[in-house]
$ cat run.txt   # compact mmCIF, C-alpha atoms
# COMPACT_ATOMS: atom_id res chain seq x y z
CA MET A 1 23.13 49.88 -27.76
CA LEU A 2 21.46 47.77 -25.09
CA GLY A 3 23.89 47.22 -22.23
CA PRO A 4 24.44 43.81 -20.67
CA TRP A 5 22.49 44.47 -17.51
CA ARG A 6 19.56 45.97 -19.37
CA ALA A 7 19.59 42.92 -21.63
CA LEU A 8 19.53 40.67 -18.59
CA ALA A 9 16.72 42.71 -17.06
CA ALA A 10 14.74 42.38 -20.30
CA TYR A 11 15.35 38.65 -20.30
CA VAL A 12 14.11 38.23 -16.71
CA ALA A 13 11.11 40.45 -17.44
CA VAL A 14 10.14 38.33 -20.44
CA LEU A 15 10.52 35.18 -18.38
CA GLY A 16 8.45 36.54 -15.52
CA SER A 17 5.67 37.85 -17.73
CA TYR A 18 5.54 34.53 -19.50
CA LEU A 19 5.15 32.59 -16.25
CA LEU A 20 2.51 35.00 -15.01
CA SER A 21 0.57 34.72 -18.25
CA LEU A 22 0.77 30.97 -17.94
CA ALA A 23 -0.72 31.10 -14.45
CA TYR A 24 -3.43 33.44 -15.76
CA ALA A 25 -4.25 31.08 -18.61
CA HIS A 26 -4.75 28.28 -16.12
CA ARG A 27 -7.03 30.24 -13.83
CA ALA A 28 -10.06 28.32 -15.10
CA ASN A 29 -8.39 24.95 -15.46
CA PRO A 30 -9.96 22.73 -12.82
CA LEU A 31 -6.91 20.51 -12.80
CA SER A 32 -4.62 23.36 -11.90
CA SER A 33 -3.86 24.82 -8.50
CA PHE A 34 -4.24 28.22 -10.18
CA ASP A 35 -7.90 27.39 -10.62
CA ARG A 36 -10.17 29.94 -8.98
CA SER A 37 -13.44 28.46 -10.17
CA GLY A 38 -13.95 26.27 -7.11
CA GLY A 39 -14.39 22.53 -7.14
CA PHE A 40 -12.41 19.92 -5.30
CA ARG A 41 -8.98 20.72 -3.98
CA TYR A 42 -6.35 18.15 -3.40
CA PRO A 43 -3.35 18.37 -1.11
CA LEU A 44 -0.87 20.88 -2.39
CA SER A 45 2.00 20.20 -0.06
CA ASP A 46 3.70 17.32 1.65
CA GLY A 47 2.32 18.38 4.99
CA LEU A 48 -1.25 18.34 3.74
CA ARG A 49 -0.65 15.08 1.97
CA ASN A 50 0.68 13.50 5.14
CA ARG A 51 -2.38 14.60 7.06
CA THR A 52 -4.54 13.08 4.34
CA LEU A 53 -2.62 9.85 4.67
CA GLU A 54 -3.09 9.84 8.43
CA ALA A 55 -6.81 10.41 7.98
CA VAL A 56 -6.94 7.53 5.53
CA SER A 57 -5.08 5.24 7.92
CA ALA A 58 -7.41 6.19 10.77
CA GLY A 59 -10.41 5.15 8.69
CA GLN A 60 -9.54 1.45 8.50
CA PRO A 61 -12.62 -0.77 8.55
CA GLU A 62 -13.24 -3.03 11.52
CA GLY A 63 -14.07 -6.74 11.42
CA ARG A 64 -13.48 -9.39 8.82
CA LEU A 65 -14.62 -9.09 5.24
CA PRO A 66 -17.62 -11.15 4.20
CA SER A 67 -16.62 -13.82 1.72
CA SER A 68 -17.58 -12.85 -1.80
CA SER A 69 -17.44 -14.85 -4.97
CA SER A 70 -19.00 -12.25 -7.25
CA ALA A 71 -16.15 -9.76 -7.56
CA LYS A 72 -16.25 -7.73 -10.74
CA ILE A 73 -12.85 -6.15 -10.31
CA CYS A 74 -9.81 -7.86 -8.89
CA ILE A 75 -7.02 -5.63 -7.59
CA GLY A 76 -3.63 -7.30 -7.67
CA VAL A 77 -1.13 -5.68 -5.31
CA PRO A 78 2.40 -7.07 -5.21
CA THR A 79 4.18 -5.91 -2.09
CA ARG A 80 7.70 -6.02 -0.71
CA ALA A 81 9.05 -5.09 2.71
CA ARG A 82 10.98 -1.85 2.89
CA SER A 83 13.90 -1.09 5.08
CA GLY A 84 13.01 0.45 8.42
CA ASN A 85 9.65 -1.38 8.52
CA ILE A 86 7.98 1.41 6.58
CA ASP A 87 4.42 0.35 5.82
CA TYR A 88 2.61 1.96 2.93
CA LEU A 89 0.39 -1.03 2.19
CA SER A 90 -2.12 -0.47 5.00
CA ALA A 91 -2.74 3.10 3.83
CA ALA A 92 -2.99 1.94 0.21
CA LEU A 93 -5.59 -0.71 0.99
CA THR A 94 -7.51 1.52 3.39
CA SER A 95 -7.75 4.28 0.80
CA LEU A 96 -9.23 1.76 -1.64
CA VAL A 97 -12.02 0.55 0.61
CA ALA A 98 -12.64 3.34 3.12
CA GLU A 99 -15.29 5.15 1.08
CA LEU A 100 -17.02 2.13 -0.44
CA SER A 101 -20.47 0.91 0.49
CA PRO A 102 -20.76 -2.78 1.46
CA ALA A 103 -22.28 -3.51 -1.97
CA GLN A 104 -19.41 -1.79 -3.76
CA ARG A 105 -16.86 -3.54 -1.56
CA SER A 106 -18.37 -6.90 -2.46
CA GLU A 107 -17.63 -6.12 -6.12
CA LEU A 108 -13.91 -5.98 -5.36
CA HIS A 109 -11.40 -8.68 -4.65
CA ILE A 110 -8.04 -7.46 -3.34
CA ALA A 111 -5.30 -10.03 -3.87
CA LEU A 112 -1.90 -9.49 -2.31
CA TYR A 113 1.25 -11.04 -3.68
CA LEU A 114 3.82 -11.08 -0.87
CA ILE A 115 7.19 -11.17 -2.49
CA ASP A 116 9.06 -11.71 0.76
CA GLY A 117 7.61 -15.20 1.16
CA GLN A 118 5.72 -17.24 3.69
CA SER A 119 6.79 -15.26 6.75
CA ALA A 120 5.33 -12.09 5.23
CA LEU A 121 2.11 -13.96 4.43
CA ASP A 122 1.87 -15.27 7.98
CA GLN A 123 2.40 -11.79 9.35
CA ALA A 124 -0.24 -10.32 7.03
CA GLU A 125 -2.73 -12.94 8.17
CA SER A 126 -1.96 -12.64 11.85
CA SER A 127 -2.16 -8.84 11.75
CA GLY A 128 -5.55 -9.04 10.09
CA LEU A 129 -4.36 -7.30 6.93
CA ILE A 130 -5.65 -10.26 4.96
CA GLY A 131 -9.25 -10.72 5.95
CA ARG A 132 -9.87 -7.15 7.06
CA LEU A 133 -8.51 -5.11 4.16
CA ALA A 134 -7.40 -7.62 1.55
CA ASP A 135 -9.33 -10.70 0.48
CA SER A 136 -6.48 -13.09 -0.24
CA GLY A 137 -2.72 -13.39 -0.24
CA ALA A 138 -0.15 -15.61 -1.88
CA THR A 139 3.60 -15.90 -2.22
CA ALA A 140 6.02 -17.25 -4.74
CA ASP A 141 6.81 -20.00 -2.22
CA SER A 142 3.24 -21.25 -2.29
CA ARG A 143 3.64 -22.09 -6.01
CA THR A 144 -0.08 -21.82 -6.45
CA THR A 145 0.06 -21.72 -10.22
CA ALA A 146 2.42 -22.79 -12.94
CA LEU A 147 3.14 -19.16 -13.61
CA THR A 148 4.12 -18.29 -10.05
CA SER A 149 6.44 -21.25 -10.06
CA TRP A 150 7.92 -20.11 -13.37
CA LEU A 151 8.16 -16.53 -12.10
CA ALA A 152 10.07 -17.66 -9.04
CA GLU A 153 12.64 -19.25 -11.33
CA GLN A 154 12.81 -16.15 -13.50
CA GLN A 155 13.21 -13.98 -10.45
CA ALA A 156 16.26 -15.99 -9.51
CA GLY A 157 17.56 -15.82 -13.03
CA ARG A 158 16.88 -13.66 -16.03
CA LEU A 159 14.74 -10.94 -14.40
CA SER A 160 17.13 -10.50 -11.49
CA GLN A 161 20.33 -10.34 -13.40
CA SER A 162 22.73 -7.94 -11.84
CA ARG A 163 22.23 -4.44 -13.25
CA SER A 164 18.75 -5.40 -14.46
CA ARG A 165 16.91 -2.32 -13.35
CA HIS A 166 13.35 -3.21 -14.28
CA GLY A 167 13.42 -6.99 -13.91
CA PRO A 168 12.09 -7.18 -10.34
CA PHE A 169 9.27 -4.76 -11.17
CA ILE A 170 8.26 -6.80 -14.22
CA HIS A 171 8.16 -9.84 -11.97
CA ASP A 172 5.92 -8.03 -9.47
CA PHE A 173 3.64 -6.79 -12.25
CA LEU A 174 3.11 -10.26 -13.70
CA ALA A 175 2.67 -11.80 -10.26
CA GLY A 176 -0.06 -9.28 -9.44
CA LEU A 177 -1.93 -10.04 -12.66
CA ASP A 178 -1.54 -13.78 -12.16
CA GLN A 179 -2.99 -13.69 -8.65
CA CYS A 180 -6.16 -12.14 -9.96
CA LEU A 181 -6.51 -14.28 -13.07
CA GLU A 182 -6.03 -17.54 -11.23
CA HIS A 183 -8.02 -16.88 -8.09
CA THR A 184 -11.01 -14.88 -9.29
CA ALA A 185 -13.36 -14.71 -12.25
CA ALA A 186 -13.40 -10.91 -12.22
CA ASP A 187 -14.19 -9.08 -15.46
CA HIS A 188 -11.42 -6.54 -14.91
CA ILE A 189 -7.96 -6.81 -13.41
CA LEU A 190 -6.48 -3.74 -11.77
CA TRP A 191 -2.79 -3.75 -10.92
CA MET A 192 -1.28 -1.18 -8.61
CA GLU A 193 1.90 -0.58 -6.68
CA ASP A 194 1.72 -0.96 -2.93
CA ASP A 195 2.63 2.64 -2.09
CA LEU A 196 -0.26 4.53 -3.66
CA ILE A 197 -3.37 5.99 -2.13
CA ALA A 198 -6.62 6.25 -4.03
CA ARG A 199 -8.85 9.27 -4.41
CA PRO A 200 -11.96 8.93 -2.24
CA ASP A 201 -14.14 8.84 -5.37
CA TRP A 202 -11.93 6.48 -7.34
CA TYR A 203 -14.48 3.70 -7.62
CA GLN A 204 -17.28 5.93 -8.90
CA ILE A 205 -14.96 7.48 -11.49
CA LEU A 206 -13.72 4.09 -12.58
CA GLN A 207 -17.27 2.86 -13.10
CA THR A 208 -18.94 5.94 -14.55
CA GLU A 209 -16.20 7.76 -16.44
CA ILE A 210 -13.90 4.97 -17.51
CA LEU A 211 -15.36 1.47 -17.81
CA SER A 212 -18.86 2.51 -18.82
CA ARG A 213 -17.50 4.86 -21.47
CA LEU A 214 -15.54 2.09 -23.13
CA GLY A 215 -18.55 -0.21 -22.93
CA ASP A 216 -18.30 -3.15 -25.26
CA ASP A 217 -15.26 -1.83 -27.08
CA SER A 218 -12.96 -4.82 -27.14
CA THR A 219 -10.06 -3.06 -28.85
CA TRP A 220 -8.61 -1.47 -25.74
CA LEU A 221 -5.64 -3.14 -24.16
CA PHE A 222 -5.07 -1.11 -21.01
CA ILE A 223 -6.10 2.02 -19.14
CA MET A 224 -3.47 3.76 -17.06
CA LEU A 225 -4.97 5.05 -13.83
CA PHE A 226 -1.81 6.66 -12.57
CA SER A 227 1.33 7.64 -14.30
CA SER A 228 4.22 9.84 -13.36
CA GLU A 229 3.69 12.17 -16.28
CA THR A 230 1.55 14.01 -13.77
CA PHE A 231 4.44 13.45 -11.40
CA MET A 232 3.70 12.21 -7.94
CA TYR A 233 0.66 14.31 -7.27
CA TRP A 234 -2.87 14.78 -8.45
CA ALA A 235 -1.94 18.33 -9.32
CA SER A 236 1.40 18.22 -11.05
CA GLU A 237 2.39 21.81 -10.65
CA ASP A 238 2.73 21.28 -6.92
CA ALA A 239 6.20 20.13 -7.76
CA TRP A 240 6.86 22.15 -10.88
CA LEU A 241 9.83 24.08 -9.52
CA CYS A 242 11.40 20.87 -8.27
CA THR A 243 10.68 19.34 -11.65
CA PHE A 244 12.44 22.12 -13.51
CA ILE A 245 15.46 21.96 -11.27
CA HIS A 246 15.51 18.19 -11.51
CA ALA A 247 15.14 18.25 -15.29
CA THR A 248 17.71 20.99 -15.68
CA LEU A 249 20.37 19.31 -13.62
CA MET B 250 -14.91 21.96 -19.11
CA THR B 251 -13.87 25.38 -20.26
CA PHE B 252 -10.34 26.55 -19.88
CA ALA B 253 -7.88 28.12 -22.23
CA PRO B 254 -4.85 25.89 -22.57
CA VAL B 255 -1.61 27.63 -23.27
CA THR B 256 -0.39 26.37 -26.56
CA ALA B 257 3.11 25.86 -27.86
CA HIS B 258 3.08 28.66 -30.39
CA MET B 259 2.73 31.19 -27.57
CA LEU B 260 6.21 30.21 -26.57
CA TYR B 261 8.04 31.08 -29.75
CA PRO B 262 7.95 34.94 -29.71
CA LEU B 263 8.84 34.97 -26.05
CA LEU B 264 11.51 32.38 -26.57
CA ALA B 265 12.99 34.39 -29.48
CA LEU B 266 12.93 37.58 -27.41
CA SER B 267 14.54 35.93 -24.43
CA LEU B 268 17.21 34.29 -26.59
CA ALA B 269 17.96 37.66 -28.23
CA SER B 270 18.25 39.31 -24.81
CA LEU B 271 20.47 36.50 -23.63
CA GLY B 272 22.62 36.87 -26.75
CA VAL B 273 23.06 40.61 -26.16
CA PHE B 274 23.94 39.96 -22.55
CA VAL B 275 26.52 37.33 -23.46
CA TYR B 276 28.04 39.49 -26.20
CA ARG B 277 28.24 42.59 -24.06
CA THR B 278 29.84 40.83 -21.11
CA LEU B 279 32.47 39.12 -23.29
CA PRO B 280 35.84 40.76 -22.50
CA LYS B 281 38.07 41.78 -25.39
CA ARG B 282 41.31 39.91 -25.72
CA PRO B 283 44.34 41.93 -24.50
CA ASP B 284 46.60 43.12 -27.30
CA SER B 285 50.19 43.08 -26.05
CA SER B 286 51.56 44.61 -29.26
CA ALA B 287 49.36 47.68 -29.05
CA ASP B 288 50.73 50.85 -27.64
CA SER B 289 48.83 51.36 -24.43
CA SER B 290 49.86 54.97 -24.14
CA ALA B 291 47.92 55.74 -27.35
CA LYS B 292 44.63 54.62 -25.79
CA SER B 293 42.37 56.69 -23.66
CA VAL B 294 41.55 53.67 -21.45
CA PRO B 295 44.01 51.53 -19.54
CA SER B 296 45.14 48.40 -21.37
CA LEU B 297 43.70 45.03 -20.35
CA THR B 298 46.28 42.86 -18.64
CA PRO B 299 46.12 39.06 -19.11
CA ALA B 300 45.22 38.60 -15.44
CA THR B 301 42.32 41.05 -15.71
CA HIS B 302 41.21 39.37 -18.92
CA ARG B 303 41.15 35.97 -17.23
CA ARG B 304 39.10 37.35 -14.35
CA MET B 305 36.63 38.98 -16.72
CA LEU B 306 36.39 35.81 -18.74
CA THR B 307 35.58 33.82 -15.62
CA GLN B 308 32.91 36.36 -14.69
CA HIS B 309 31.53 36.11 -18.20
CA VAL B 310 31.22 32.33 -17.96
CA VAL B 311 29.50 32.58 -14.57
CA TYR B 312 27.05 35.20 -15.87
CA THR B 313 26.34 33.17 -18.98
CA VAL B 314 25.67 29.97 -17.04
CA ALA B 315 23.41 31.83 -14.59
CA ALA B 316 21.50 33.44 -17.42
CA ALA B 317 21.18 30.12 -19.24
CA LEU B 318 19.70 28.55 -16.10
CA LEU B 319 17.01 31.21 -16.19
CA LEU B 320 16.03 29.77 -19.55
CA ALA B 321 15.29 26.42 -17.90
CA PRO B 322 11.64 27.18 -17.09
CA PHE B 323 10.95 27.93 -20.76
CA VAL B 324 12.51 24.72 -21.88
CA GLY B 325 10.94 22.78 -19.03
CA LEU B 326 7.48 24.07 -19.85
CA HIS B 327 8.00 23.29 -23.48
CA LEU B 328 9.07 19.73 -22.82
CA SER B 329 6.93 18.75 -19.86
CA ARG B 330 3.43 17.32 -20.10
CA GLY B 331 2.13 18.37 -16.74
CA LYS B 332 -0.82 20.63 -16.16
CA LEU B 333 1.30 23.77 -16.02
CA ALA B 334 2.94 22.80 -19.27
CA LEU B 335 2.46 24.23 -22.73
CA TYR B 336 0.67 21.04 -23.62
CA PRO B 337 -1.64 20.56 -20.63
CA LEU B 338 -3.02 17.11 -20.15
CA GLU B 339 -6.56 16.75 -21.33
CA PRO B 340 -8.84 15.82 -18.44
CA GLY B 341 -10.85 12.61 -18.53
CA LEU B 342 -10.31 9.45 -20.48
CA THR B 343 -7.99 10.01 -23.43
CA LEU B 344 -6.22 7.86 -25.92
CA LYS B 345 -2.63 7.33 -24.92
CA THR B 346 -0.20 8.20 -27.61
CA GLY B 347 3.49 7.66 -27.34
CA ARG B 348 5.39 6.19 -24.47
CA GLU B 349 5.30 8.23 -21.34
CA CYS B 350 6.77 7.51 -17.97
CA CYS B 351 5.69 5.83 -15.65
CA MET B 352 2.89 3.45 -14.88
CA GLN B 353 2.02 2.78 -11.25
CA SER B 354 -1.55 1.57 -11.75
CA VAL B 355 -3.31 0.06 -14.73
CA ILE B 356 -6.53 -1.79 -15.41
CA PHE B 357 -7.20 -4.49 -18.02
CA SER B 358 -10.19 -6.46 -19.12
CA ARG B 359 -9.83 -10.11 -18.21
CA ASP B 360 -9.03 -11.08 -21.80
CA SER B 361 -6.48 -8.30 -22.16
CA ALA B 362 -4.79 -9.32 -18.92
CA ARG B 363 -4.46 -12.88 -20.19
CA GLN B 364 -3.00 -11.65 -23.48
CA VAL B 365 -0.55 -9.35 -21.74
CA LEU B 366 0.57 -12.07 -19.37
CA ALA B 367 1.13 -14.52 -22.21
CA GLU B 368 3.06 -11.98 -24.26
CA PHE B 369 5.28 -11.03 -21.34
CA VAL B 370 6.04 -14.70 -20.72
CA ASP B 371 7.03 -15.06 -24.37
CA ILE B 372 9.27 -12.03 -24.13
CA ILE B 373 10.98 -13.22 -20.97
CA ASP B 374 11.38 -16.66 -22.49
CA GLY B 375 13.13 -15.01 -25.42
CA VAL B 376 10.41 -15.75 -27.95
CA GLY B 377 10.05 -13.12 -30.64
CA ARG B 378 11.70 -10.00 -29.36
CA SER B 379 14.60 -9.28 -27.08
CA VAL B 380 14.21 -6.81 -24.23
CA ASP B 381 16.90 -5.17 -22.15
CA TYR B 382 15.34 -5.00 -18.68
CA ASN B 383 17.79 -2.32 -17.76
CA VAL B 384 16.16 -0.07 -20.35
CA LYS B 385 12.54 -1.14 -20.60
CA GLY B 386 10.14 -1.61 -17.74
CA GLN B 387 6.70 -3.17 -17.82
CA ASP B 388 5.11 0.09 -18.98
CA ALA B 389 7.41 0.51 -21.98
CA ILE B 390 6.91 -3.13 -22.94
CA LEU B 391 3.15 -2.74 -22.56
CA PHE B 392 3.12 0.28 -24.87
CA ASP B 393 5.14 -1.67 -27.41
CA LEU B 394 2.66 -4.55 -27.24
CA GLY B 395 -0.25 -2.20 -27.76
CA ALA B 396 1.42 -0.47 -30.69
CA ALA B 397 2.47 -3.75 -32.28
CA GLY B 398 -1.06 -5.15 -32.15
CA SER B 399 -2.86 -1.89 -32.92
CA ARG B 400 -4.57 -2.16 -29.59
CA ARG B 401 -5.57 0.98 -27.77
CA GLY B 402 -4.18 2.26 -24.53
CA TYR B 403 -5.96 4.94 -22.54
CA LYS B 404 -5.10 7.09 -19.60
CA TYR B 405 -7.26 8.93 -17.13
CA THR B 406 -6.46 12.46 -16.01
CA PRO B 407 -6.18 13.41 -13.21
CA SER B 408 -4.81 10.20 -11.81
CA LEU B 409 -7.03 8.14 -9.56
CA PHE B 410 -4.07 7.41 -7.33
CA GLN B 411 -1.31 9.37 -5.70
CA HIS B 412 2.11 8.24 -4.65
CA VAL B 413 2.99 8.14 -0.97
CA GLY B 414 6.07 5.96 -0.94
CA ASP B 415 9.44 7.64 -0.78
CA MET B 416 11.44 4.56 -0.09
CA SER B 417 11.59 2.53 -3.28
CA THR B 418 11.94 -1.22 -3.23
CA TYR B 419 14.48 -0.79 -6.00
CA VAL B 420 17.90 -1.39 -4.47
CA GLN B 421 20.83 0.36 -6.00
CA SER B 422 24.13 -1.35 -6.61
CA SER B 423 25.37 0.16 -3.35
CA GLY B 424 22.85 -2.06 -1.56
CA LYS B 425 20.83 0.88 -0.28
CA PRO B 426 17.24 1.55 -1.35
CA ARG B 427 16.80 4.82 -3.11
CA LEU B 428 14.45 7.65 -2.48
CA ARG B 429 12.40 8.31 -5.54
CA SER B 430 10.14 11.23 -4.88
CA TRP B 431 10.47 14.68 -3.42
CA ASN B 432 8.17 13.87 -0.57
CA PHE B 433 10.99 13.21 1.84
CA GLU B 434 9.16 14.28 4.93
CA LEU B 435 6.83 11.31 5.17
CA GLY B 436 9.48 8.65 4.70
CA LEU B 437 11.88 10.23 7.14
CA ARG B 438 9.20 10.68 9.75
CA GLU B 439 8.01 7.10 9.43
CA ALA B 440 11.55 5.77 9.48
CA ALA B 441 12.19 7.72 12.68
CA ARG B 442 8.99 6.37 14.18
CA ALA B 443 9.90 2.80 13.23
CA SER B 444 13.33 3.03 14.80
$ encode --input "run.txt" --output "C-alpha cells"
Amino acid sequence: MLGPWRALAAYVAVLGSYLLSLAYAHRANPLSSFDRSGGFRYPLSDGLRNRTLEAVSAGQPEGRLPSSSSAKICIGVPTRARSGNIDYLSAALTSLVAELSPAQRSELHIALYLIDGQSALDQAESSGLIGRLADSGATADSRTTALTSWLAEQQAGRLSQSRSRHGPFIHDFLAGLDQCLEHTAADHILWMEDDLIARPDWYQILQTEILSRLGDDSTWLFIMLFSSETFMYWASEDAWLCTFIHATL
Amino acid sequence: MTFAPVTAHMLYPLLALSLASLGVFVYRTLPKRPDSSADSSAKSVPSLTPATHRRMLTQHVVYTVAAALLLAPFVGLHLSRGKLALYPLEPGLTLKTGRECCMQSVIFSRDSARQVLAEFVDIIDGVGRSVDYNVKGQDAILFDLGAAGSRRGYKYTPSLFQHVGDMSTYVQSSGKPRLRSWNFELGLREAARAS
C-alpha cells in the first residue's frame, strides 16, 4: 500500500504540476505576467512600482491651468490628510494629466473635496495644487451646496457612528459626486480615491473602449474603473502568493 | 484576444487526486491507540506506550495541518477571480455580475450620478431600506441599487488605475491608521522621508 511519505510526495507533485499547467495555460494571456506574446508590461514588483510613481511625480505640469467651462468629464477626488504627511494626491493628479494633450486636458475638470477643512484648502491653493493640477477645491466648511451642508451633519452623526466602518467612505464618495454635479455641467462624473495612479493611456481607453462602446445606452448605472478583485495591481498575480497566504490565514 | 483560460472543471480530477493522496497520508500517519490489556510479549514489535502515542499523535496533527496548507493554492485558485484564477477575468468592458470587492474608482453619466446621489441620501435618511454601514460600503450599496432597478453595472479589465496608498484613512478603534496593502515599502519610505 502507498506509504505516507509517498502519498505526500504524490500530493505535492499533483499540486506542482497543476500550478505549472496553469502558468502554461496563461502564456498567451496578455493580462498575465506569464504572457510571452509581448505587448505592454506593467510594474511587477513594489520596487518597479515605486520607480513608476517617482517618474509620474517628476512629470508634474508647470504653470496654471487655463480656465475651461467645457469639461466633458468631471473627476471628483475626496481627499484626507494621512498621518506622517504622506502625500499620494499629487502623484494621483499628476498621473491623470501628465500624458494628456492640452485639448484633452480641457475636457476634464478635476474637483477636490478637502475633508480636513479650510486649512487644507488654503494649503492646496498656496502650494499650487489647485490651479496647477486640480481645477477647483471645496470643503465641508464652505457649505457650498445643500448637500455638503447635510453631509457635514451626517458626518458628525449617523455616518460617523462609532464602529461604523464604511460611513466615512460613503461620505467621501457622495461629497466627490456632489462637487462635480454642482460645479460643472460635465456629461460624465468620475469618482476616484486619492491614492490611485492612472495608466498613461487611461483617457484614450476611457473614450474609445468604454464610453464610446456604451454610446447612447441609457440603461447603465455605473462602470467600475478599478476594483480590488484584481487586487492592488494591474496584474493581479503579482501578489498571488500573498493573496493565498492572506486568504488562507 | 486569443488565450486559453483555465476552466474550473480542470480542477476537479486534480483536486480529487490530491484529496485522495492527502487522505492516504493522514491515514498512514495516524498512530494506533496503545492497548494496555494486550500482552506485549506476544507481539513481534514493541508495544506503544501512552507517551509515545501522544508524541506520534502530535506529529500526526502537525503533518496533517502542513499538508492541508498545501491544499490552499487549489482552494485559492478556485475561489479567486484574479487573472491567475480558474475563472480569469475577461479583458475589456464586461457586465458586472454579483457583488465583488472593492470599488476605488467609478464613472457615471450625469443622470446616473444624480440618481445615485439621491438614492444614497434616501438611504442615509432612513427612507426605504436600512443599511448597516459597518457591513456595507458604497460599492455594495451601489450594486444593490443597480440590481434593484435592473440597471447595468460594468467593469473594465485591466483596471485603469492602480493603488499606491498603503496608509489608509480608515482609523481603527485603537486610533491608529491601518495599512491596507502589501506594498509596505512605499509607505514606510515616505513616512521616513516625512519625519
$ residues_around --input "run.txt" --residues "A:Gly76" --least-positions-apart "3" --cutoff "12 Å" --atoms "all atoms listed in the file" --output "ChimeraX atom specification"
/A:73,79,93,108-114,134-138,172-184,186,188-194 /B:354-357,362
$ closest_residue --input "run.txt" --among "B:Thr313, B:Ser399, B:Gly386, B:Val370" --to "chain A" --atoms "all atoms listed in the file"
B:Gly386
$ atom_distance --input "run.txt" --atom1 "atom CA of B:Ala269" --atom2 "atom CA of B:Leu318"
15.3 Å
$ atom_distance --input "run.txt" --atom1 "atom CA of A:Gln155" --atom2 "atom CA of A:Gly167"
7.8 Å
$ residues_around --input "run.txt" --residues "A:Ser218" --least-positions-apart "6" --cutoff "10 Å" --atoms "all atoms listed in the file" --output "ChimeraX atom specification"
/B:358,360-361,400-401
$ atom_distance --input "run.txt" --atom1 "atom CA of A:Ser95" --atom2 "atom CA of A:Gln207"
16.9 Å
$ residues_near_point --input "run.txt" --point "(-18.7, -1.3, 0.5)" --cutoff "12 Å" --atoms "only C-alpha atoms" --output "ChimeraX atom specification"
/A:61,65-66,68,71,94,96-109,133,203-204
$ closest_residue --input "run.txt" --among "B:Leu342, B:Lys385, B:Phe369, B:Leu320" --to "B:Leu263" --atoms "only C-alpha atoms"
B:Leu320
$ residues_around --input "run.txt" --residues "B:Gln387" --least-positions-apart "5" --cutoff "8 Å" --atoms "only C-alpha atoms" --output "VMD selection string"
chain A and resid 166 169 to 170 173
$ closest_residue --input "run.txt" --among "A:Ile115, A:Ile86, A:Leu129, A:Leu214" --to "chain B" --atoms "only C-alpha atoms"
A:Ile86
